[in-house]
Structures are given as structure tokens and as C-alpha cells.
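K.L.:
Compact mmCIF, C-alpha atoms, saved as coords_5.txt, coming up:
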```
# COMPACT_ATOMS: atom_id res chain seq x y z
CA MET A 1 88.38 117.76 141.39
CA THR A 2 88.21 117.58 145.17
CA ASN A 3 90.67 115.67 147.33
CA THR A 4 88.02 113.07 148.18
CA GLN A 5 87.30 112.49 144.50
CA GLN A 6 91.03 112.18 143.78
CA GLN A 7 91.42 109.66 146.60
CA GLN A 8 88.47 107.62 145.35
CA ASP A 9 89.92 107.60 141.81
CA GLY A 10 93.25 106.43 143.21
CA MET A 11 91.54 103.66 145.14
CA GLY A 12 89.71 102.55 142.00
CA LYS A 13 93.08 101.96 140.40
CA CYS A 14 94.19 99.92 143.42
CA TYR A 15 91.13 97.68 143.22
CA VAL A 16 91.86 97.09 139.52
CA VAL A 17 95.47 96.17 140.40
CA TYR A 18 94.19 93.82 143.12
CA VAL A 19 91.95 92.01 140.63
CA CYS A 20 94.79 91.89 138.07
CA MET A 21 97.12 90.27 140.63
CA LEU A 22 94.55 87.61 141.43
CA LEU A 23 93.99 87.04 137.70
CA ILE A 24 97.74 86.60 137.22
CA TYR A 25 97.77 83.79 139.80
CA ALA A 26 94.73 82.23 138.10
CA ILE A 27 96.42 82.34 134.68
CA GLU A 28 99.62 80.86 136.14
CA LEU A 29 97.60 78.00 137.59
CA PHE A 30 95.82 77.45 134.28
CA VAL A 31 99.12 77.43 132.37
CA THR A 32 100.63 74.98 134.89
CA TYR A 33 97.97 72.34 134.31
CA ARG A 34 98.08 72.78 130.55
CA HIS A 35 101.59 71.22 130.79
CA PRO A 36 103.40 73.33 128.16
CA GLY A 37 107.05 72.82 127.13
CA ALA A 38 109.69 73.81 129.70
CA HIS A 39 110.87 76.99 127.94
CA GLU A 40 107.37 78.21 127.16
CA PHE A 41 106.26 77.42 130.71
CA LEU A 42 109.14 79.26 132.38
CA GLY A 43 108.84 82.21 130.00
CA THR A 44 105.10 82.58 130.58
CA LEU A 45 105.42 82.34 134.36
CA LEU A 46 108.24 84.88 134.47
CA ILE A 47 106.42 87.36 132.24
CA LEU A 48 103.29 87.10 134.39
CA ALA A 49 105.31 87.45 137.60
CA PHE A 50 107.09 90.54 136.25
CA ILE A 51 103.76 92.11 135.22
CA GLY A 52 102.39 91.47 138.71
CA ALA A 53 105.54 92.87 140.30
CA ALA A 54 105.44 95.99 138.13
CA LEU A 55 101.81 96.63 139.06
CA GLY A 56 102.63 96.16 142.73
CA VAL A 57 105.63 98.47 142.66
CA LEU A 58 103.88 101.19 140.68
CA TYR A 59 100.48 101.26 142.38
CA PHE A 60 100.68 99.46 145.73
CA MET A 61 104.10 100.86 146.57
CA ASN A 62 103.10 104.15 144.92
CA LEU A 63 106.27 104.49 142.89
CA ALA A 64 104.15 105.81 140.00
CA SER A 65 103.22 108.84 142.07
CA GLU A 66 106.72 109.49 143.47
CA ASN A 67 109.18 111.94 142.02
CA ARG A 68 109.95 110.93 138.42
CA ASN A 69 113.73 110.96 138.99
CA ALA A 70 113.31 108.65 141.98
CA MET A 71 111.28 106.24 139.90
CA ILE A 72 113.83 106.17 137.08
CA GLY A 73 116.79 105.98 139.47
CA PHE A 74 115.40 103.05 141.48
CA ALA A 75 114.23 101.19 138.38
CA VAL A 76 117.43 101.56 136.36
CA PHE A 77 119.69 100.60 139.29
CA THR A 78 117.63 97.58 140.31
CA LEU A 79 117.06 96.25 136.80
CA PHE A 80 120.73 96.66 135.91
CA VAL A 81 121.87 94.62 138.92
CA LEU A 82 119.16 92.01 138.35
CA ALA A 83 120.29 91.66 134.76
CA ALA A 84 123.95 91.47 135.75
CA ILE A 85 123.28 88.63 138.24
CA ASN A 86 122.14 86.47 135.33
CA TYR A 87 125.63 86.08 133.93
CA GLY A 88 125.92 82.80 135.83
CA TRP A 89 123.33 80.93 133.80
CA THR A 90 125.74 79.81 131.15
CA ASP A 91 127.73 78.01 133.83
CA SER A 92 124.71 75.98 134.94
CA PHE A 93 124.47 74.63 131.39
CA ARG A 94 128.16 73.78 131.55
CA ILE A 95 127.57 71.68 134.68
CA LEU A 96 124.64 69.96 133.02
CA LEU A 97 126.29 69.30 129.67
CA GLY A 98 129.85 68.78 130.91
CA VAL A 99 132.21 68.65 127.94
CA PRO A 100 133.82 70.42 126.27
CA TYR A 101 133.90 73.35 128.69
CA ALA A 102 134.30 71.25 131.83
CA LYS A 103 137.64 69.84 130.67
CA MET B 1 130.89 124.96 159.38
CA SER B 2 129.13 121.67 158.91
CA HIS B 3 127.51 120.69 155.67
CA SER B 4 124.10 121.02 157.18
CA GLU B 5 124.54 124.60 158.29
CA VAL B 6 124.93 127.84 156.37
CA VAL B 7 125.03 131.46 157.40
CA LEU B 8 122.09 133.24 155.96
CA GLU B 9 123.47 136.43 154.47
CA GLY B 10 121.39 139.48 155.06
CA SER B 11 119.76 138.02 158.12
CA GLY B 12 121.17 140.97 159.97
CA HIS B 13 122.61 139.00 162.85
CA GLY B 14 125.19 136.75 161.20
CA HIS B 15 124.28 133.80 163.43
CA HIS B 16 124.16 130.22 162.23
CA VAL B 17 120.80 129.00 161.10
CA PRO B 18 120.52 125.29 160.38
CA VAL B 19 119.35 124.66 156.90
CA PHE B 20 118.98 121.05 155.90
CA GLU B 21 119.85 119.81 152.48
CA PRO B 22 116.81 118.82 150.51
CA SER B 23 116.25 115.07 150.52
CA PRO B 24 117.37 113.35 147.32
CA PHE B 25 114.49 112.79 144.88
CA ALA B 26 112.25 114.88 147.19
CA VAL B 27 111.42 111.69 149.11
CA PRO B 28 111.34 111.83 152.94
CA ALA B 29 114.63 110.48 154.37
CA LYS B 30 112.97 107.55 156.20
CA LYS B 31 111.14 106.50 153.07
CA LEU B 32 114.28 106.77 150.97
CA ALA B 33 116.09 104.57 153.48
CA MET B 34 113.30 102.00 153.22
CA TRP B 35 113.50 102.05 149.43
CA LEU B 36 117.27 101.50 149.57
CA PHE B 37 116.76 98.63 152.02
CA ILE B 38 114.15 97.10 149.71
CA ILE B 39 116.49 97.40 146.73
CA SER B 40 119.21 95.58 148.67
CA ASP B 41 116.67 92.95 149.73
CA ILE B 42 115.65 92.50 146.09
CA MET B 43 119.25 91.47 145.45
CA THR B 44 119.06 88.92 148.29
CA PHE B 45 115.95 87.28 146.88
CA ALA B 46 117.17 87.55 143.31
CA GLY B 47 120.42 85.84 144.35
CA CYS B 48 118.47 83.03 146.06
CA LEU B 49 116.06 82.52 143.18
CA ILE B 50 118.79 82.59 140.57
CA ALA B 51 120.89 80.14 142.60
CA TYR B 52 117.80 77.94 142.82
CA GLY B 53 117.28 78.18 139.04
CA PHE B 54 120.96 77.37 138.55
CA LEU B 55 120.68 74.20 140.67
CA ARG B 56 117.41 73.16 139.11
CA ASN B 57 118.80 73.59 135.62
CA ALA B 58 121.95 71.66 136.41
CA GLN B 59 120.26 68.65 138.07
CA PRO B 60 118.57 66.21 135.69
CA ASP B 61 116.82 64.40 138.60
CA TRP B 62 115.21 67.46 140.13
CA PRO B 63 112.01 66.26 141.86
CA ARG B 64 108.52 67.54 141.03
CA PRO B 65 106.62 66.47 144.13
CA TYR B 66 103.75 68.94 144.53
CA GLN B 67 100.26 67.45 144.37
CA SER B 68 97.07 69.47 143.94
CA GLY B 69 96.58 69.73 147.73
CA THR B 70 99.81 71.69 148.11
CA ILE B 71 99.01 73.89 145.14
CA ILE B 72 95.55 74.74 146.52
CA SER B 73 97.16 75.66 149.83
CA VAL B 74 99.75 77.84 148.06
CA MET B 75 97.04 79.57 146.02
CA ILE B 76 95.09 80.32 149.21
CA MET B 77 98.30 81.81 150.63
CA ALA B 78 98.68 83.89 147.47
CA PHE B 79 95.09 85.13 147.79
CA ILE B 80 95.69 86.06 151.42
CA MET B 81 98.93 87.85 150.54
CA VAL B 82 97.38 89.91 147.72
CA THR B 83 94.34 90.79 149.84
CA SER B 84 96.54 91.82 152.75
CA SER B 85 98.46 94.06 150.35
CA LEU B 86 95.20 95.80 149.49
CA THR B 87 94.30 96.29 153.15
CA MET B 88 97.80 97.69 153.72
CA VAL B 89 97.23 100.19 150.89
CA LEU B 90 93.96 101.19 152.55
CA ALA B 91 95.75 101.58 155.89
CA VAL B 92 98.41 103.85 154.36
CA ARG B 93 95.80 105.98 152.61
CA ALA B 94 93.85 106.38 155.82
CA ALA B 95 97.06 107.31 157.63
CA ARG B 96 97.90 109.95 155.03
CA ALA B 97 94.45 111.43 155.55
CA GLN B 98 95.10 111.40 159.34
CA ARG B 99 92.26 108.95 159.96
CA ARG B 100 94.07 107.11 162.73
CA ASP B 101 91.35 104.67 163.77
CA GLU B 102 90.72 103.55 160.21
CA ALA B 103 94.45 103.19 159.53
CA PHE B 104 94.84 101.12 162.68
CA ARG B 105 91.87 98.93 161.75
CA PHE B 106 93.26 98.16 158.30
CA SER B 107 96.74 97.56 159.74
CA MET B 108 95.33 94.99 162.12
CA MET B 109 93.40 93.33 159.28
CA THR B 110 96.70 93.05 157.42
CA LEU B 111 98.30 91.63 160.54
CA LEU B 112 95.57 89.02 160.91
CA MET B 113 95.96 87.90 157.31
CA GLY B 114 99.71 87.78 157.76
CA LEU B 115 99.27 85.47 160.75
CA VAL B 116 97.05 83.15 158.69
CA PHE B 117 99.71 83.19 155.96
CA VAL B 118 102.40 82.21 158.48
CA ALA B 119 100.21 79.42 159.87
CA LEU B 120 99.63 77.98 156.39
CA HIS B 121 103.32 78.32 155.60
CA VAL B 122 104.36 76.44 158.73
CA ARG B 123 101.74 73.77 157.99
CA GLU B 124 103.28 73.41 154.52
CA TRP B 125 106.72 72.97 156.04
CA PHE B 126 105.49 70.30 158.45
CA SER B 127 103.86 68.51 155.55
CA MET B 128 107.18 68.49 153.68
CA MET B 129 109.08 67.31 156.76
CA HIS B 130 106.49 64.57 157.25
CA GLN B 131 107.21 63.39 153.70
CA GLY B 132 110.89 63.09 154.58
CA VAL B 133 112.24 66.26 152.99
CA THR B 134 115.27 67.59 154.85
CA PHE B 135 117.99 70.07 153.87
CA SER B 136 120.11 67.34 152.34
CA LYS B 137 117.80 64.53 151.26
CA ASN B 138 114.31 63.67 150.09
CA PRO B 139 112.58 60.55 148.80
CA TRP B 140 112.30 61.71 145.18
CA GLY B 141 115.58 62.91 143.68
CA THR B 142 118.54 65.19 144.20
CA GLY B 143 119.17 66.17 147.81
CA LEU B 144 119.59 69.80 146.79
CA PHE B 145 115.82 70.16 146.44
CA GLY B 146 115.18 70.36 150.18
CA GLY B 147 117.96 72.86 150.78
CA ALA B 148 116.69 75.13 148.02
CA TYR B 149 113.06 74.79 149.12
CA TYR B 150 113.66 75.49 152.82
CA SER B 151 116.11 78.32 152.10
CA ILE B 152 113.86 80.28 149.77
CA THR B 153 110.58 79.76 151.60
CA GLY B 154 112.41 80.21 154.93
CA ILE B 155 113.74 83.63 153.96
CA GLU B 156 110.26 84.60 152.78
CA LEU B 157 108.74 83.38 156.06
CA LEU B 158 111.38 85.26 158.04
CA HIS B 159 110.53 88.45 156.18
CA VAL B 160 106.81 87.97 156.82
CA ILE B 161 107.40 87.44 160.56
CA ALA B 162 109.67 90.52 160.71
CA ALA B 163 107.04 92.59 158.89
CA LEU B 164 104.32 91.39 161.26
CA ILE B 165 106.38 92.39 164.30
CA ALA B 166 107.02 95.79 162.72
CA LEU B 167 103.32 96.14 161.91
CA VAL B 168 102.28 95.45 165.51
CA ILE B 169 104.78 97.98 166.87
CA VAL B 170 104.19 100.71 164.30
CA GLY B 171 100.43 100.12 163.96
CA MET B 172 99.83 100.43 167.70
CA GLY B 173 102.35 103.25 168.01
CA TYR B 174 100.63 105.13 165.19
CA LYS B 175 97.27 104.82 166.92
CA ARG B 176 98.75 106.23 170.11
CA GLY B 177 100.43 109.07 168.20
CA ARG B 178 103.96 107.82 168.74
CA TYR B 179 104.59 107.16 165.05
CA THR B 180 103.66 109.19 161.99
CA SER B 181 101.98 108.25 158.74
CA VAL B 182 105.43 108.01 157.09
CA ASP B 183 106.36 105.24 159.53
CA LEU B 184 103.22 103.32 158.68
CA GLU B 185 103.88 103.93 155.00
CA ASN B 186 107.35 102.42 155.41
CA CYS B 187 105.80 99.34 157.00
CA GLY B 188 103.41 99.24 154.06
CA LEU B 189 106.29 99.41 151.56
CA PHE B 190 107.95 96.43 153.22
CA TRP B 191 104.72 94.46 153.26
CA GLN B 192 104.11 95.17 149.56
CA PHE B 193 107.65 94.05 148.81
CA ILE B 194 106.97 90.69 150.50
CA ASN B 195 103.83 90.31 148.41
CA ILE B 196 105.87 90.92 145.25
CA VAL B 197 108.49 88.36 146.26
CA TRP B 198 105.72 85.80 146.78
CA MET B 199 104.64 86.46 143.18
CA PHE B 200 108.00 85.00 142.09
CA VAL B 201 108.25 82.25 144.70
CA VAL B 202 104.88 80.69 143.77
CA PRO B 203 105.63 80.10 140.07
CA LEU B 204 109.33 79.28 140.39
CA VAL B 205 109.36 77.13 143.51
CA TYR B 206 105.87 75.59 143.48
CA LEU B 207 104.19 75.69 140.05
CA MET B 208 107.31 74.61 138.17
CA ASN B 209 107.54 71.55 140.41
CA VAL B 210 103.98 70.32 140.12
CA ALA B 211 103.80 66.55 139.80
CA GLY B 212 102.58 65.60 136.43
```
Please go through the file and, once you have read it, give me the structure as C-alpha cells.

P.N.:
Amino acid sequence: MTNTQQQQDGMGKCYVVYVCMLLIYAIELFVTYRHPGAHEFLGTLLILAFIGAALGVLYFMNLASENRNAMIGFAVFTLFVLAAINYGWTDSFRILLGVPYAK
Amino acid sequence: MSHSEVVLEGSGHGHHVPVFEPSPFAVPAKKLAMWLFIISDIMTFAGCLIAYGFLRNAQPDWPRPYQSGTIISVMIMAFIMVTSSLTMVLAVRAARAQRRDEAFRFSMMTLLMGLVFVALHVREWFSMMHQGVTFSKNPWGTGLFGGAYYSITGIELLHVIAALIALVIVGMGYKRGRYTSVDLENCGLFWQFINIVWMFVVPLVYLMNVAG
């Protein structure tokens, strides 16, 4: 396979990602006006956003074609910290619900 | 002897020859620095969005003010942002292939779309201000709404403006031969990161607060 062919194949993937990202926004809009329950709504939006983000990081930021160790290193570190930040959620429920933990 | 220098044995002269350590992960140093910056910036946005979620969850009277006009505007901004990401990918690919004119052309297309994005964003802000939304109060519910809204979208807007300034400098510098394709690629990484952040801002800040 020549370099030009390889580049064109790579671009094909980028166009697919572009269409997928636009589709994700369209689905989010559709879900919004279907007025689902709060948990289902938030869950769906977050899943779609994470899919879009993963596509962007892998193919638009080219992490998929970087060194494998770099990819794993960046992903594990970032996801660990992002997960760790979420420890505060329980406290927001405490503020909302008050007792007994607020005493 | 510094860490970056070794004496090459058997060279016959015994003089110091600088040998640089290989870059970690075999990624160019500038690019690695940009990735580390992006990772730290992810934490900034994650902190803001999680704080926003925290406030929204803890306030029973959180307002849901967005009408369809705002949502259409936000979706146009999303379309512009995704399309500009594609043109940035095309610019980086052209730069890697040393096609300077093409890379410059796509960079400027990205810049143009970024400017339209900023204009729509500022228009959105003025619309909110016109409706009486400030940092501490609004006509609909808890005063925290305005603070959260302006903080998150403001940081996003600040990033877009910074990226546009970088794109002008690096794009033009690349065309003149002052900057390399790695520099343009770094600009591209930052631009893609902003696009990804917008993918979270739209659902969490706008779609979840649609009037209904």
C-alpha cells in the first residue's frame, strides 16, 4: 500500500468520526425532547458524550496511532483522576437531603 | 558529566558527545508537553463540570430556562466546532506531508469557524444578560445558576480565544517556515481538546436545562 493510499484510508476514518460526532449531537437533541426520566436522561447524555470524546481523542487527536504505552499511560492516569474526583457526589446528596448526616 | 551527555567508548578521541535521552513514549518532547498540559486542563474542566453537577443536584429550584432558540444556536455552534475539528485534522495531515499552503489554508478555515463560534457564544451571553442573568441572580430560581453558567462557558470561551490566537501565530509562522509541523500539530491537539470539552458542555449545561 502506498503512502497516498494509507493517507486516504486514514482520512476515510476521520470523515466517519466526523459524521458520528454530528450524529451524537443529533441523538442527544432527540433524547432531550423525548423528556425521559432524570437518571435515564443524564446517563444517556453522558454515555453519548464519552463515546464522542473517545472518538475525538483516538482519531482526531491521533492517540490511536501513537505509541501504545503512551496511549495506555495517558488513559489510565486521566481516567483514574476523573474517577477519583467523583467522590464528592455523595456530599451533594447530603446537602439536598439534610438529615441525618447533616446533624 | 550531565545526564544528557555520555562519553562514547571506542570513539578513539575520548571527547564528550552529547547524546540525548530518548523521549518518553517515543513522542516528540513538545507534543508530550502538550499532552501533559491537556491532561491537566481536563482536570480543570472536570472539576468545573463536577462542581456544577454538585450544585445542580443540591438545589431543588435549579432553573431550566433554555428555549428552542437557544438550543438551535448551541447546535449550530456544535456543528461549527465539529467541522472545525475536521478542518484542523486536514491541516495537520497536510503539514505532516509538508504541503505548507494546504496546511495554512485549512488552518485559516479552522480559524474562521472559530471566530464564528466565538461570535455566537458572545451573542448567547448577551442574550442571557438581557434576560437578567448575572453571576449571583436570575429571574427563575437559585442564584447559583448564573455563576455556574458563566464560569463554565466562560472558561470554554477563554480556551477558544487562546487557541485562535495560537492558531494565527503558528499557522502564519508555519507558512513562513518559522514553525514546524509538530507545532501545528500541537495547536491541532489543543483545538481538538476544546471540541471534546464542548461535547460535555452542550449536554450538561444546555440540554439538561431545556425548558419543558

K.L.:
If we count all atoms listed in the file and set the cut-off at 9 Å, which residues sit around Met61 (chain A), ignoring sequence neighbours fewer than 5 positions away in its own chain? Please answer as a VMD selection string.

P.N.:
(chain A and resid 55 to 56) or (chain B and resid 89 185 188 to 190 192 to 193)

K.L.:
Which residues of chain A sit at most 8 Å from chain B, using all atoms listed in the file? Give each one's shortest atom pair and distance in Å (one decimal place), in chain and ascending residue order, as CSV.

P.N.:
```
residue,atom,partner,partner_atom,distance
A:Cys14,CA,B:Leu86,CA,7.4
A:Tyr15,CA,B:Leu86,CA,7.7
A:Tyr18,CA,B:Leu86,CA,6.7
A:Met21,CA,B:Val82,CA,7.1
A:Leu22,CA,B:Phe79,CA,6.8
A:Tyr25,CA,B:Met75,CA,7.6
A:Glu28,CA,B:Pro203,CA,7.2
A:Leu29,CA,B:Leu207,CA,7.4
A:Thr32,CA,B:Leu207,CA,6.3
A:Leu42,CA,B:Met208,CA,7.6
A:Leu45,CA,B:Pro203,CA,6.1
A:Leu46,CA,B:Phe200,CA,7.6
A:Ala49,CA,B:Met199,CA,5.7
A:Gly52,CA,B:Met199,CA,7.1
A:Ala53,CA,B:Ile196,CA,5.3
A:Gly56,CA,B:Ile196,CA,6.7
A:Val57,CA,B:Gln192,CA,7.8
A:Phe60,CA,B:Val89,CA,6.2
A:Met61,CA,B:Leu189,CA,5.6
A:Glu66,CA,B:Val27,CA,7.7
A:Asn67,CA,B:Phe25,CA,6.1
A:Asn69,CA,B:Phe25,CA,6.2
A:Ala70,CA,B:Phe25,CA,5.2
A:Phe74,CA,B:Ile39,CA,7.8
A:Thr78,CA,B:Ile39,CA,6.5
A:Val81,CA,B:Met43,CA,7.7
A:Leu82,CA,B:Ala46,CA,7.0
A:Ile85,CA,B:Gly47,CA,7.3
A:Asn86,CA,B:Ile50,CA,7.3
A:Gly88,CA,B:Phe54,CA,7.8
A:Trp89,CA,B:Phe54,CA,6.4
A:Ser92,CA,B:Ala58,CA,5.3
A:Phe93,CA,B:Ala58,CA,6.4
A:Ile95,CA,B:Ala58,CA,5.9
A:Leu96,CA,B:Ala58,CA,4.6
```

K.L.:
Using CA of Trp62 (chain B) and CA of Phe126 (chain B) as the two end points, give the distance in Å to one decimal.

P.N.:
20.9 Å

K.L.:
Could you work out how far CA of Thr87 (chain B) lies from CA of Phe104 (chain B), giving the answer in Å with one decimal?

P.N.:
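For CA of Phe104 (chain B) relative to CA of Thr87 (chain B), the distance reads 10.7 Å.
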
K.L.:
One decimal, Å: what's the distance from CA of Ala148 (chain B) over to CA of Glu40 (chain A), could you say?

P.N.:
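Taking CA of Ala148 (chain B) and CA of Glu40 (chain A), their separation equals 23.1 Å.
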
K.L.:
Between B:Met129, B:Ile80, B:Tyr149, B:Gln98, which one has atoms that come closest to Val116 (chain B), using only C-alpha atoms?

P.N.:
B:Ile80

K.L.:
From the list A:Ala83, A:Val76, A:Ile51, A:Leu63, which residue is nearest Val17 (chain A) when using all atoms listed in the file?

P.N.:
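The shortest atom-to-atom distance to Val17 (chain A) comes from A:Ile51.
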
K.L.:
Nearest to Ala119 (chain B) among B:Ser84, B:Thr142, B:Ser73, B:Ser136, with distances taken over all atoms listed in the file: which residue is it?

P.N.:
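Ranked by minimum distance to Ala119 (chain B), first place goes to B:Ser73.
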
K.L.:
Listed atoms of region 19-32 of chain A, axis-aligned box, 6 Å per side: centre and edge lengths to one decimal in Å, as AutoDock Vina command-line options?

P.N.:
```
--center_x 96.3 --center_y 83.5 --center_z 136.9 --size_x 20.7 --size_y 29.0 --size_z 21.1
```

K.L.:
Taking all atoms listed in the file into account, which of B:Lys175, B:Phe45, B:Val205, B:Trp140 comes nearest Glu156 (chain B)?

P.N.:
B:Phe45
